[in-house]
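With CSV, C-alpha atoms and all ligand atoms inside, this is my_file.csv:
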```
chain,number,residue,atom,x,y,z
T,1,MET,CA,-38.6,8.9,-89.1
T,2,HIS,CA,-35.7,11.3,-88.5
T,3,LEU,CA,-36.1,13.4,-85.4
T,4,VAL,CA,-33.8,16.0,-86.9
T,5,THR,CA,-33.1,15.8,-90.6
T,6,SER,CA,-29.6,15.3,-91.7
T,7,ALA,CA,-29.7,18.8,-93.4
T,8,GLU,CA,-30.9,20.4,-90.2
T,9,LEU,CA,-28.2,18.7,-88.2
T,10,ARG,CA,-25.5,19.8,-90.6
T,11,ALA,CA,-26.8,23.4,-90.5
T,12,ALA,CA,-26.8,23.4,-86.7
T,13,LEU,CA,-23.2,21.9,-86.6
T,14,ALA,CA,-22.0,24.5,-89.2
T,15,ARG,CA,-23.0,27.3,-86.8
T,16,VAL,CA,-20.5,26.1,-84.2
T,17,PRO,CA,-17.0,27.4,-84.9
T,18,SER,CA,-14.5,24.7,-85.7
T,19,LEU,CA,-10.8,24.7,-86.8
T,20,PRO,CA,-9.9,22.6,-90.0
T,21,PHE,CA,-7.8,20.0,-88.1
T,22,ALA,CA,-9.7,17.2,-89.9
T,23,PRO,CA,-10.7,18.6,-93.3
T,24,GLN,CA,-11.2,15.2,-95.0
T,25,PRO,CA,-13.4,12.3,-93.9
T,26,SER,CA,-11.3,9.6,-92.3
T,27,PRO,CA,-11.2,6.5,-94.5
T,28,ILE,CA,-13.5,3.5,-94.0
T,29,GLU,CA,-12.0,0.1,-94.9
T,30,PRO,CA,-13.3,-3.5,-94.8
T,31,LEU,CA,-11.4,-6.0,-92.6
T,32,PRO,CA,-11.8,-9.2,-94.7
T,33,ARG,CA,-8.7,-11.0,-93.3
T,34,LEU,CA,-9.6,-10.3,-89.7
T,35,SER,CA,-13.1,-11.5,-90.4
T,36,ALA,CA,-11.8,-14.7,-91.9
T,37,ALA,CA,-9.4,-15.2,-89.0
T,38,LEU,CA,-12.4,-15.0,-86.7
T,39,GLY,CA,-14.2,-17.7,-88.7
T,40,GLY,CA,-16.7,-15.3,-90.4
T,41,GLY,CA,-19.6,-13.6,-88.8
T,42,PRO,CA,-20.7,-10.0,-89.4
T,43,ARG,CA,-19.2,-7.8,-92.1
T,44,LEU,CA,-16.4,-5.9,-90.3
T,45,LEU,CA,-15.4,-2.3,-91.2
T,46,VAL,CA,-12.9,0.1,-89.6
T,47,LYS,CA,-13.2,3.9,-89.5
T,48,ARG,CA,-9.6,5.1,-89.6
T,49,ASP,CA,-9.4,8.1,-87.3
T,50,ASP,CA,-5.9,6.8,-86.6
T,51,ALA,CA,-5.1,7.8,-90.2
T,52,MET,CA,-6.0,11.5,-89.8
T,53,PRO,CA,-3.0,13.6,-90.7
T,54,PHE,CA,-3.1,16.2,-87.8
T,55,ALA,CA,-0.6,15.3,-85.1
T,56,PHE,CA,-0.8,11.6,-85.5
T,57,GLY,CA,-4.6,11.7,-85.5
T,58,GLY,CA,-7.1,10.0,-83.3
T,59,ASN,CA,-10.4,10.9,-81.7
T,60,LYS,CA,-9.0,13.9,-79.9
T,61,VAL,CA,-8.4,15.7,-83.2
T,62,ARG,CA,-12.2,15.9,-83.7
T,63,LYS,CA,-12.7,17.3,-80.2
T,64,LEU,CA,-9.9,19.8,-80.3
T,65,ALA,CA,-11.1,21.2,-83.6
T,66,LEU,CA,-14.1,22.6,-81.7
T,67,VAL,CA,-12.6,23.2,-78.2
T,68,ALA,CA,-9.5,25.0,-79.5
T,69,ALA,CA,-11.7,27.1,-81.8
T,70,ARG,CA,-13.6,28.2,-78.6
T,71,ALA,CA,-10.3,29.0,-76.9
T,72,GLN,CA,-9.2,31.1,-79.8
T,73,ALA,CA,-12.5,32.9,-80.0
T,74,ASP,CA,-12.2,33.7,-76.2
T,75,GLY,CA,-8.8,35.3,-76.9
T,76,ALA,CA,-6.9,32.6,-75.0
T,77,ASP,CA,-3.1,32.4,-75.2
T,78,THR,CA,-2.5,29.3,-73.2
T,79,LEU,CA,-4.2,25.8,-73.3
T,80,ILE,CA,-4.1,23.9,-70.0
T,81,THR,CA,-5.1,20.3,-69.9
T,82,ALA,CA,-4.5,17.1,-68.0
T,83,GLY,CA,-4.0,13.4,-68.6
T,84,ALA,CA,-1.7,10.5,-68.0
T,85,VAL,CA,2.0,10.8,-69.0
T,86,GLN,CA,1.2,9.0,-72.3
T,87,SER,CA,-2.1,10.9,-72.9
T,88,ASN,CA,-3.1,11.1,-76.6
T,89,HIS,CA,-5.4,14.0,-75.6
T,90,ALA,CA,-2.4,15.9,-74.1
T,91,ARG,CA,-0.4,15.4,-77.3
T,92,VAL,CA,-3.2,16.7,-79.6
T,93,THR,CA,-3.8,19.7,-77.2
T,94,ALA,CA,-0.1,20.5,-77.4
T,95,ALA,CA,-0.3,20.3,-81.2
T,96,ALA,CA,-3.4,22.5,-81.4
T,97,ALA,CA,-1.6,25.1,-79.2
T,98,ALA,CA,1.5,25.0,-81.4
T,99,LYS,CA,-0.6,25.4,-84.5
T,100,LEU,CA,-2.5,28.4,-83.0
T,101,GLY,CA,0.7,30.0,-81.6
T,102,MET,CA,-0.5,29.4,-78.0
T,103,ARG,CA,1.4,27.9,-75.0
T,104,ALA,CA,0.4,24.5,-73.8
T,105,VAL,CA,0.6,23.3,-70.2
T,106,LEU,CA,0.0,19.6,-69.6
T,107,VAL,CA,-0.7,18.4,-66.1
T,108,VAL,CA,0.1,14.7,-66.1
T,109,ASN,CA,0.0,12.1,-63.4
T,110,GLY,CA,3.1,10.0,-63.2
T,111,ARG,CA,6.8,10.3,-62.8
T,112,PRO,CA,8.8,12.5,-65.2
T,113,LEU,CA,10.5,10.3,-67.8
T,114,ALA,CA,14.3,10.3,-68.0
T,115,ARG,CA,14.0,9.8,-71.7
T,116,PRO,CA,10.6,10.9,-73.1
T,117,ALA,CA,9.2,8.5,-75.6
T,118,ALA,CA,6.0,8.2,-77.6
T,119,ASN,CA,3.4,10.9,-76.7
T,120,ALA,CA,5.7,12.4,-74.1
T,121,LEU,CA,8.4,12.9,-76.7
T,122,LEU,CA,5.9,14.5,-79.1
T,123,ASP,CA,4.7,16.8,-76.2
T,124,SER,CA,8.2,18.1,-75.8
T,125,LEU,CA,8.8,18.5,-79.5
T,126,LEU,CA,5.6,20.5,-79.7
T,127,GLY,CA,7.0,22.8,-77.0
T,128,ALA,CA,4.5,22.0,-74.3
T,129,GLU,CA,5.3,22.6,-70.6
T,130,VAL,CA,4.7,19.4,-68.7
T,131,VAL,CA,3.9,19.5,-65.0
T,132,CYS,CA,3.9,16.1,-63.2
T,133,VAL,CA,1.6,15.3,-60.2
T,134,PRO,CA,1.7,12.0,-58.3
T,135,THR,CA,-2.0,11.1,-58.7
T,136,ARG,CA,-5.0,11.5,-60.9
T,137,GLU,CA,-6.9,13.3,-58.1
T,138,GLU,CA,-4.2,16.1,-58.0
T,139,ARG,CA,-4.6,16.9,-61.7
T,140,ALA,CA,-7.7,19.2,-61.6
T,141,PRO,CA,-6.5,21.3,-58.6
T,142,LYS,CA,-3.1,21.7,-60.2
T,143,MET,CA,-4.7,22.8,-63.5
T,144,ARG,CA,-6.7,25.4,-61.5
T,145,GLU,CA,-3.7,26.6,-59.7
T,146,ILE,CA,-1.7,27.0,-62.9
T,147,ALA,CA,-4.6,28.8,-64.6
T,148,GLU,CA,-4.8,31.2,-61.6
T,149,ARG,CA,-1.1,31.9,-61.7
T,150,ALA,CA,-1.2,32.5,-65.5
T,151,ARG,CA,-4.2,34.9,-65.0
T,152,SER,CA,-2.4,36.9,-62.4
T,153,ALA,CA,0.6,37.1,-64.7
T,154,GLY,CA,-1.6,38.8,-67.3
T,155,ARG,CA,-2.0,35.7,-69.5
T,156,ARG,CA,-5.3,34.3,-70.9
T,157,PRO,CA,-5.5,30.6,-70.0
T,158,PHE,CA,-8.2,28.2,-71.3
T,159,GLU,CA,-8.7,25.0,-69.3
T,160,ILE,CA,-9.7,21.8,-71.1
T,161,PRO,CA,-11.0,19.0,-68.9
T,162,VAL,CA,-9.4,15.5,-69.3
T,163,GLY,CA,-10.1,14.1,-72.7
T,164,ALA,CA,-11.9,17.3,-73.9
T,165,SER,CA,-15.0,15.3,-72.9
T,166,THR,CA,-17.3,18.3,-72.7
T,167,PRO,CA,-20.5,18.7,-74.7
T,168,LEU,CA,-18.5,21.0,-77.1
T,169,GLY,CA,-15.7,18.4,-77.5
T,170,ALA,CA,-18.3,15.6,-78.0
T,171,LEU,CA,-19.9,17.6,-80.8
T,172,GLY,CA,-16.9,16.5,-82.8
T,173,PHE,CA,-18.4,13.0,-82.8
T,174,VAL,CA,-21.9,14.3,-83.7
T,175,ASN,CA,-20.1,15.7,-86.7
T,176,ALA,CA,-18.4,12.4,-87.2
T,177,VAL,CA,-21.8,10.6,-87.4
T,178,ALA,CA,-22.8,13.0,-90.2
T,179,GLU,CA,-19.5,12.3,-91.9
T,180,LEU,CA,-20.0,8.5,-91.6
T,181,LEU,CA,-23.4,8.7,-93.2
T,182,ASP,CA,-21.9,10.5,-96.2
T,183,GLN,CA,-19.6,7.5,-96.7
T,184,ILE,CA,-21.8,4.4,-96.0
T,185,PRO,CA,-25.3,3.5,-94.9
T,186,ALA,CA,-25.6,3.5,-91.1
T,187,PRO,CA,-23.9,0.3,-89.7
T,188,ASP,CA,-25.8,-2.0,-87.4
T,189,VAL,CA,-23.2,-1.6,-84.6
T,190,ILE,CA,-20.3,0.7,-83.9
T,191,VAL,CA,-17.7,-0.6,-81.4
T,192,HIS,CA,-15.2,1.8,-79.9
T,193,ALA,CA,-12.9,2.5,-76.9
T,194,THR,CA,-14.5,4.6,-74.2
T,195,SER,CA,-12.8,6.3,-71.3
T,196,SER,CA,-13.7,9.9,-70.5
T,197,GLY,CA,-17.0,9.5,-72.4
T,198,GLY,CA,-16.9,12.3,-75.0
T,199,THR,CA,-16.5,10.0,-78.0
T,200,GLN,CA,-19.4,7.8,-77.0
T,201,ALA,CA,-21.5,10.8,-76.0
T,202,GLY,CA,-21.1,12.3,-79.5
T,203,LEU,CA,-21.9,9.1,-81.3
T,204,VAL,CA,-24.9,8.4,-79.2
T,205,ALA,CA,-26.1,12.0,-79.6
T,206,GLY,CA,-25.7,11.9,-83.3
T,207,CYS,CA,-27.7,8.7,-83.5
T,208,ARG,CA,-30.4,10.0,-81.2
T,209,LEU,CA,-30.8,13.2,-83.1
T,210,LEU,CA,-31.2,11.4,-86.5
T,211,GLY,CA,-33.2,8.5,-85.0
T,212,LEU,CA,-30.7,5.9,-86.3
T,213,SER,CA,-31.0,2.3,-85.1
T,214,THR,CA,-27.2,1.8,-84.9
T,215,ARG,CA,-26.0,0.3,-81.6
T,216,ILE,CA,-23.2,2.2,-80.0
T,217,LEU,CA,-21.1,-0.2,-78.0
T,218,GLY,CA,-18.3,1.4,-75.9
T,219,ILE,CA,-15.6,-0.9,-74.5
T,220,SER,CA,-14.3,0.7,-71.4
T,221,ALA,CA,-10.5,1.3,-71.1
T,222,ASP,CA,-10.8,2.4,-67.5
T,223,ASP,CA,-13.9,3.0,-65.3
T,224,GLU,CA,-16.8,0.8,-64.4
T,225,ALA,CA,-19.8,0.8,-66.8
T,226,SER,CA,-22.1,2.4,-64.3
T,227,LEU,CA,-19.8,5.4,-63.7
T,228,LEU,CA,-19.2,5.9,-67.4
T,229,GLN,CA,-22.9,5.7,-68.2
T,230,VAL,CA,-23.6,8.7,-66.0
T,231,GLN,CA,-20.7,10.6,-67.4
T,232,VAL,CA,-21.8,9.9,-71.0
T,233,GLN,CA,-25.4,10.8,-70.3
T,234,GLY,CA,-24.3,14.1,-68.7
T,235,ILE,CA,-22.4,15.1,-71.8
T,236,VAL,CA,-25.2,14.0,-74.2
T,237,GLY,CA,-27.6,16.2,-72.2
T,238,GLY,CA,-25.3,19.3,-72.7
T,239,ILE,CA,-25.3,18.9,-76.5
T,240,ALA,CA,-28.9,20.1,-76.9
T,241,GLU,CA,-28.1,23.6,-75.9
T,242,LEU,CA,-25.1,23.9,-78.1
T,243,LEU,CA,-27.1,22.8,-81.1
T,244,ASP,CA,-30.3,24.6,-80.0
T,245,VAL,CA,-32.4,21.5,-80.4
T,246,ASP,CA,-35.2,20.1,-78.2
T,247,PRO,CA,-33.5,18.4,-75.2
T,248,GLY,CA,-36.2,15.8,-75.3
T,249,ILE,CA,-34.7,14.4,-78.5
T,250,LEU,CA,-31.4,13.7,-76.8
T,251,ALA,CA,-33.0,12.3,-73.7
T,252,ARG,CA,-34.2,9.1,-75.4
T,253,GLY,CA,-33.3,6.7,-78.2
T,254,THR,CA,-30.0,5.0,-78.7
T,255,PRO,CA,-28.9,3.3,-75.5
T,256,ILE,CA,-25.6,4.1,-73.9
T,257,GLU,CA,-24.1,0.6,-73.9
T,258,ILE,CA,-20.8,0.1,-72.1
T,259,ASP,CA,-18.9,-3.2,-71.6
T,260,ASP,CA,-16.3,-2.9,-68.8
T,261,ARG,CA,-15.2,-6.6,-68.9
T,262,PHE,CA,-12.1,-6.0,-71.1
T,263,VAL,CA,-10.3,-3.5,-68.8
T,264,GLY,CA,-8.4,-6.3,-67.1
T,265,GLY,CA,-6.0,-5.2,-64.4
T,266,GLY,CA,-6.7,-1.5,-65.0
T,267,TYR,CA,-6.1,1.5,-67.2
T,268,GLY,CA,-3.1,1.1,-69.4
T,269,ILE,CA,-2.4,-2.5,-68.3
T,270,GLU,CA,-2.3,-5.0,-71.1
T,271,THR,CA,-4.4,-8.1,-71.0
T,272,GLU,CA,-3.9,-11.4,-72.9
T,273,ALA,CA,-6.9,-10.5,-75.0
T,274,SER,CA,-5.6,-7.0,-75.9
T,275,ARG,CA,-2.2,-8.5,-76.9
T,276,GLU,CA,-4.0,-11.0,-79.1
T,277,ALA,CA,-6.2,-8.3,-80.6
T,278,ILE,CA,-3.2,-6.0,-81.4
T,279,ALA,CA,-1.3,-8.8,-83.0
T,280,LEU,CA,-4.3,-10.1,-85.0
T,281,ALA,CA,-5.3,-6.7,-86.4
T,282,ALA,CA,-1.7,-6.0,-87.5
T,283,ARG,CA,-1.2,-9.5,-89.1
T,284,THR,CA,-4.5,-9.7,-90.9
T,285,ASP,CA,-5.4,-6.2,-92.1
T,286,ALA,CA,-2.3,-4.2,-91.2
T,287,ILE,CA,-4.1,-2.1,-88.6
T,288,PHE,CA,-2.1,-0.9,-85.6
T,289,LEU,CA,-3.9,-0.7,-82.3
T,290,ASP,CA,-2.7,0.7,-79.0
T,291,PRO,CA,-2.4,-1.1,-75.7
T,292,THR,CA,-4.5,1.3,-73.6
T,293,TYR,CA,-7.6,1.9,-75.6
T,294,THR,CA,-8.1,0.4,-79.1
T,295,GLY,CA,-6.4,-2.9,-78.2
T,296,LYS,CA,-9.0,-3.5,-75.5
T,297,ALA,CA,-11.8,-2.3,-77.7
T,298,MET,CA,-10.8,-4.7,-80.4
T,299,ALA,CA,-10.5,-7.5,-77.8
T,300,GLY,CA,-14.1,-6.8,-77.0
T,301,LEU,CA,-15.2,-6.9,-80.7
T,302,ILE,CA,-13.3,-10.1,-81.2
T,303,ALA,CA,-14.9,-11.7,-78.2
T,304,TYR,CA,-18.4,-10.7,-79.4
T,305,VAL,CA,-17.8,-12.1,-82.8
T,306,ARG,CA,-16.5,-15.4,-81.4
T,307,GLN,CA,-19.4,-15.6,-79.0
T,308,ARG,CA,-21.8,-15.0,-82.0
T,309,ARG,CA,-23.2,-12.0,-80.3
T,310,PHE,CA,-23.6,-10.3,-83.7
T,311,THR,CA,-25.5,-11.9,-86.6
T,312,ASP,CA,-24.0,-12.8,-89.9
T,313,GLY,CA,-25.9,-10.3,-91.9
T,314,GLN,CA,-24.9,-7.4,-89.7
T,315,THR,CA,-22.3,-4.7,-90.4
T,316,VAL,CA,-20.1,-3.9,-87.4
T,317,LEU,CA,-17.9,-0.9,-87.7
T,318,PHE,CA,-14.8,-0.6,-85.4
T,319,TRP,CA,-14.2,3.1,-84.8
T,320,HIS,CA,-10.4,3.3,-84.6
T,321,THR,CA,-9.9,6.2,-82.2
T,322,GLY,CA,-6.1,6.4,-82.7
T,323,GLY,CA,-3.5,6.2,-80.0
T,324,GLN,CA,-1.0,4.1,-82.0
T,325,VAL,CA,1.8,6.4,-80.8
T,326,GLY,CA,1.4,4.5,-77.5
T,327,LEU,CA,3.0,1.4,-79.2
T,328,PHE,CA,6.3,3.2,-78.8
T,329,ALA,CA,6.0,4.0,-75.1
X,1,LIG,C1,-6.8,6.3,-78.5
X,1,LIG,C2,-8.0,6.7,-77.7
X,1,LIG,N1,-9.1,6.0,-77.9
X,1,LIG,C3,-10.2,6.2,-77.1
X,1,LIG,C4,-10.2,7.1,-76.1
X,1,LIG,C5,-11.5,7.3,-75.3
X,1,LIG,O1,-12.2,8.4,-75.8
X,1,LIG,P1,-13.1,9.2,-74.7
X,1,LIG,O2,-12.1,9.8,-73.8
X,1,LIG,O3,-13.7,10.2,-75.6
X,1,LIG,O4,-14.0,8.3,-74.1
X,1,LIG,C6,-9.1,7.9,-75.9
X,1,LIG,C7,-9.0,8.9,-74.8
X,1,LIG,O5,-9.3,8.8,-73.7
X,1,LIG,C8,-7.9,7.6,-76.7
X,1,LIG,O6,-6.8,8.3,-76.5
```
Mind turning this structure into structure tokens?
Ligand SMILES: Cc1ncc(COP(=O)(O)O)c(C=O)c1O
Amino acid sequence: MHLVTSAELRAALARVPSLPFAPQPSPIEPLPRLSAALGGGPRLLVKRDDAMPFAFGGNKVRKLALVAARAQADGADTLITAGAVQSNHARVTAAAAAKLGMRAVLVVNGRPLARPAANALLDSLLGAEVVCVPTREERAPKMREIAERARSAGRRPFEIPVGASTPLGALGFVNAVAELLDQIPAPDVIVHATSSGGTQAGLVAGCRLLGLSTRILGISADDEASLLQVQVQGIVGGIAELLDVDPGILARGTPIEIDDRFVGGGYGIETEASREAIALAARTDAIFLDPTYTGKAMAGLIAYVRQRRFTDGQTVLFWHTGGQVGLFA
């Protein structure tokens, strides 16, 4: 039984302002050659958020469509966010700002690049101001400081936390669950890269609201599972208010499953398994994955298939969250 009907969910989502950054559903494709290369197993599908047209696409487009709409409604003239030097989220935020005629200030941890490449190159083409700080911990205070300065200069800044992983940003992935169900029956499992938690929170919330039995398996690109679990649950909890639904519905149902065994040496550091996954996805079904997120998520999926942790009759959907720009870093 559905806890919220699909029509009720759509009506609730339609009440939240959103910009048309992703007007079409992202395609879903089968992965027959990857499946054959793995010796069979479950039916594999891929949801191609990497193929979204806006700003080289990816999961951040879904989040920014909502978060930037809120910034615009608040009368903001500057978007301030943070991430790593090669942050996909920073690139999409810079693109959203350009599209809306706003300034973008990106606080990134790392050294300034002598010759910007990949996301950093796109950030500069998009006209974003990039402020480097030495460590991750210094990003949030620097964002606040920049916002304060902008306010005293009479500007109207809008701060977006890392990854736009707020309940509002995550709503982009509640929307995505509704989009998916218009395309195919609910798959048995969705596998995706997880890091700041918003993508997983939206997918889990969508499944909980509709009472779907789909497993949502996040493969961590960064933090330990226990930390991410708390982060994701916190975001899921905040979605009830935005949609004006009973918080009880979002407090139970679909588990928050996170596997942190594919991170390897750390965030952004390749592993043997991620290198294999990137090569295999490209050579079999011409899918380009990135070294930081989707390569590790696919390494997880491949390991699960090889270890027969899915059954043959199951449909497993790999949610490609983008990031392929990172191949050119
Ligand atoms: C390509 C890509 N995939 C997955 C993720 C993880 O998504 P989230 O931050 O919503 O957990 C990110 C961002 O962190 C990303 O850039």
Each chain T residue no farther than 9 Å from ligand LIG 1 (chain X), nearest pair in Å, only C-alpha atoms and all ligand atoms, as CSV:
```
residue,atom,partner,partner_atom,distance
T:Asp50,CA,X:LIG1,C1,8.2
T:Gly58,CA,X:LIG1,C1,6.1
T:Asn59,CA,X:LIG1,C2,6.3
T:Lys60,CA,X:LIG1,O6,6.9
T:Lys63,CA,X:LIG1,O3,8.5
T:Gly83,CA,X:LIG1,O5,8.7
T:Ser87,CA,X:LIG1,O6,6.5
T:Asn88,CA,X:LIG1,O6,4.6
T:His89,CA,X:LIG1,O6,5.9
T:Val162,CA,X:LIG1,O2,7.7
T:Gly163,CA,X:LIG1,O2,4.9
T:Ala164,CA,X:LIG1,O2,7.5
T:Ser165,CA,X:LIG1,O3,5.9
T:Gly169,CA,X:LIG1,O3,8.7
T:Ala170,CA,X:LIG1,O3,7.5
T:His192,CA,X:LIG1,C3,7.2
T:Ala193,CA,X:LIG1,C3,4.6
T:Thr194,CA,X:LIG1,O4,3.7
T:Ser195,CA,X:LIG1,O4,3.6
T:Ser196,CA,X:LIG1,O2,3.7
T:Gly197,CA,X:LIG1,O4,3.7
T:Gly198,CA,X:LIG1,O3,3.9
T:Thr199,CA,X:LIG1,O3,3.7
T:Gln200,CA,X:LIG1,O4,6.1
T:Ala201,CA,X:LIG1,O3,7.8
T:Gly202,CA,X:LIG1,O3,8.6
T:Gly218,CA,X:LIG1,O4,8.3
T:Ser220,CA,X:LIG1,O4,8.1
T:Ala221,CA,X:LIG1,C5,7.4
T:Leu228,CA,X:LIG1,O4,8.8
T:Val232,CA,X:LIG1,O4,8.5
T:Leu289,CA,X:LIG1,C1,8.5
T:Asp290,CA,X:LIG1,C1,7.0
T:Thr292,CA,X:LIG1,C1,7.4
T:Tyr293,CA,X:LIG1,N1,4.9
T:Thr294,CA,X:LIG1,N1,5.8
T:Ala297,CA,X:LIG1,C3,8.7
T:His320,CA,X:LIG1,N1,7.3
T:Thr321,CA,X:LIG1,N1,4.4
T:Gly322,CA,X:LIG1,C1,4.3
T:Gly323,CA,X:LIG1,C1,3.6
T:Gln324,CA,X:LIG1,C1,7.1
T:Val325,CA,X:LIG1,C1,8.9
T:Gly326,CA,X:LIG1,C1,8.5
```
Write the residues you've just listed into a file as a short mmCIF file (atom, residue, chain, number, x, y, z; two decimals), keeping the file's coordinate frame, and include C-alpha atoms for each of them.
```cif
data_model
loop_
_atom_site.label_atom_id
_atom_site.label_comp_id
_atom_site.auth_asym_id
_atom_site.auth_seq_id
_atom_site.Cartn_x
_atom_site.Cartn_y
_atom_site.Cartn_z
CA ASP T 50 -5.90 6.80 -86.60
CA GLY T 58 -7.10 10.00 -83.30
CA ASN T 59 -10.40 10.90 -81.70
CA LYS T 60 -9.00 13.90 -79.90
CA LYS T 63 -12.70 17.30 -80.20
CA GLY T 83 -4.00 13.40 -68.60
CA SER T 87 -2.10 10.90 -72.90
CA ASN T 88 -3.10 11.10 -76.60
CA HIS T 89 -5.40 14.00 -75.60
CA VAL T 162 -9.40 15.50 -69.30
CA GLY T 163 -10.10 14.10 -72.70
CA ALA T 164 -11.90 17.30 -73.90
CA SER T 165 -15.00 15.30 -72.90
CA GLY T 169 -15.70 18.40 -77.50
CA ALA T 170 -18.30 15.60 -78.00
CA HIS T 192 -15.20 1.80 -79.90
CA ALA T 193 -12.90 2.50 -76.90
CA THR T 194 -14.50 4.60 -74.20
CA SER T 195 -12.80 6.30 -71.30
CA SER T 196 -13.70 9.90 -70.50
CA GLY T 197 -17.00 9.50 -72.40
CA GLY T 198 -16.90 12.30 -75.00
CA THR T 199 -16.50 10.00 -78.00
CA GLN T 200 -19.40 7.80 -77.00
CA ALA T 201 -21.50 10.80 -76.00
CA GLY T 202 -21.10 12.30 -79.50
CA GLY T 218 -18.30 1.40 -75.90
CA SER T 220 -14.30 0.70 -71.40
CA ALA T 221 -10.50 1.30 -71.10
CA LEU T 228 -19.20 5.90 -67.40
CA VAL T 232 -21.80 9.90 -71.00
CA LEU T 289 -3.90 -0.70 -82.30
CA ASP T 290 -2.70 0.70 -79.00
CA THR T 292 -4.50 1.30 -73.60
CA TYR T 293 -7.60 1.90 -75.60
CA THR T 294 -8.10 0.40 -79.10
CA ALA T 297 -11.80 -2.30 -77.70
CA HIS T 320 -10.40 3.30 -84.60
CA THR T 321 -9.90 6.20 -82.20
CA GLY T 322 -6.10 6.40 -82.70
CA GLY T 323 -3.50 6.20 -80.00
CA GLN T 324 -1.00 4.10 -82.00
CA VAL T 325 1.80 6.40 -80.80
CA GLY T 326 1.40 4.50 -77.50
#
```
Just want the 12 Å neighbourhood of T:Ile184, counted on all atoms listed in the file, with same-chain residues fewer than 3 positions away dropped. Output as a PDB file with C-alpha atoms, in the coordinates of the input.
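Final file, part_6.pdb:
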```pdb
ATOM      1  CA  PRO T  25     -13.400  12.300 -93.900  1.00  0.00           C
ATOM      2  CA  PRO T  27     -11.200   6.500 -94.500  1.00  0.00           C
ATOM      3  CA  ILE T  28     -13.500   3.500 -94.000  1.00  0.00           C
ATOM      4  CA  GLU T  29     -12.000   0.100 -94.900  1.00  0.00           C
ATOM      5  CA  PRO T  30     -13.300  -3.500 -94.800  1.00  0.00           C
ATOM      6  CA  LEU T  45     -15.400  -2.300 -91.200  1.00  0.00           C
ATOM      7  CA  VAL T  46     -12.900   0.100 -89.600  1.00  0.00           C
ATOM      8  CA  LYS T  47     -13.200   3.900 -89.500  1.00  0.00           C
ATOM      9  CA  VAL T 177     -21.800  10.600 -87.400  1.00  0.00           C
ATOM     10  CA  ALA T 178     -22.800  13.000 -90.200  1.00  0.00           C
ATOM     11  CA  GLU T 179     -19.500  12.300 -91.900  1.00  0.00           C
ATOM     12  CA  LEU T 180     -20.000   8.500 -91.600  1.00  0.00           C
ATOM     13  CA  LEU T 181     -23.400   8.700 -93.200  1.00  0.00           C
ATOM     14  CA  PRO T 187     -23.900   0.300 -89.700  1.00  0.00           C
ATOM     15  CA  ASP T 188     -25.800  -2.000 -87.400  1.00  0.00           C
ATOM     16  CA  THR T 315     -22.300  -4.700 -90.400  1.00  0.00           C
ATOM     17  CA  LEU T 317     -17.900  -0.900 -87.700  1.00  0.00           C
TER      18      LEU T 317
END
```
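A straight line drawn from atom CA of T:Ala84 to atom CA of T:Gly110 is 6.8 Å long.
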With 9 Å as the cut-off and only C-alpha atoms counted, what is the closest atom pair between each nearby residue of stretch 193-218 of chain T and stretch 250-258 of chain T? Distances in Å to one decimal, ordered by chain and number, as a tab-separated table.
```
residue	atom	partner	partner_atom	distance
T:Thr194	CA	T:Ile258	CA	8.0
T:Gln200	CA	T:Ile256	CA	7.9
T:Ala201	CA	T:Ile256	CA	8.1
T:Val204	CA	T:Thr254	CA	6.1
T:Ala205	CA	T:Leu250	CA	6.2
T:Gly206	CA	T:Leu250	CA	8.8
T:Cys207	CA	T:Thr254	CA	6.5
T:Arg208	CA	T:Gly253	CA	5.3
T:Leu209	CA	T:Leu250	CA	6.3
T:Gly211	CA	T:Gly253	CA	7.0
T:Leu212	CA	T:Thr254	CA	7.7
T:Ser213	CA	T:Thr254	CA	7.0
T:Thr214	CA	T:Thr254	CA	7.5
T:Arg215	CA	T:Thr254	CA	6.8
T:Ile216	CA	T:Glu257	CA	6.4
T:Leu217	CA	T:Glu257	CA	5.1
T:Gly218	CA	T:Ile258	CA	4.7
```
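Proximity to T:Val316 was assessed for T:Gly264, T:Gly41, T:Pro247, T:Gly101 counting all atoms listed in the file; the smallest distance is recorded for T:Gly41.
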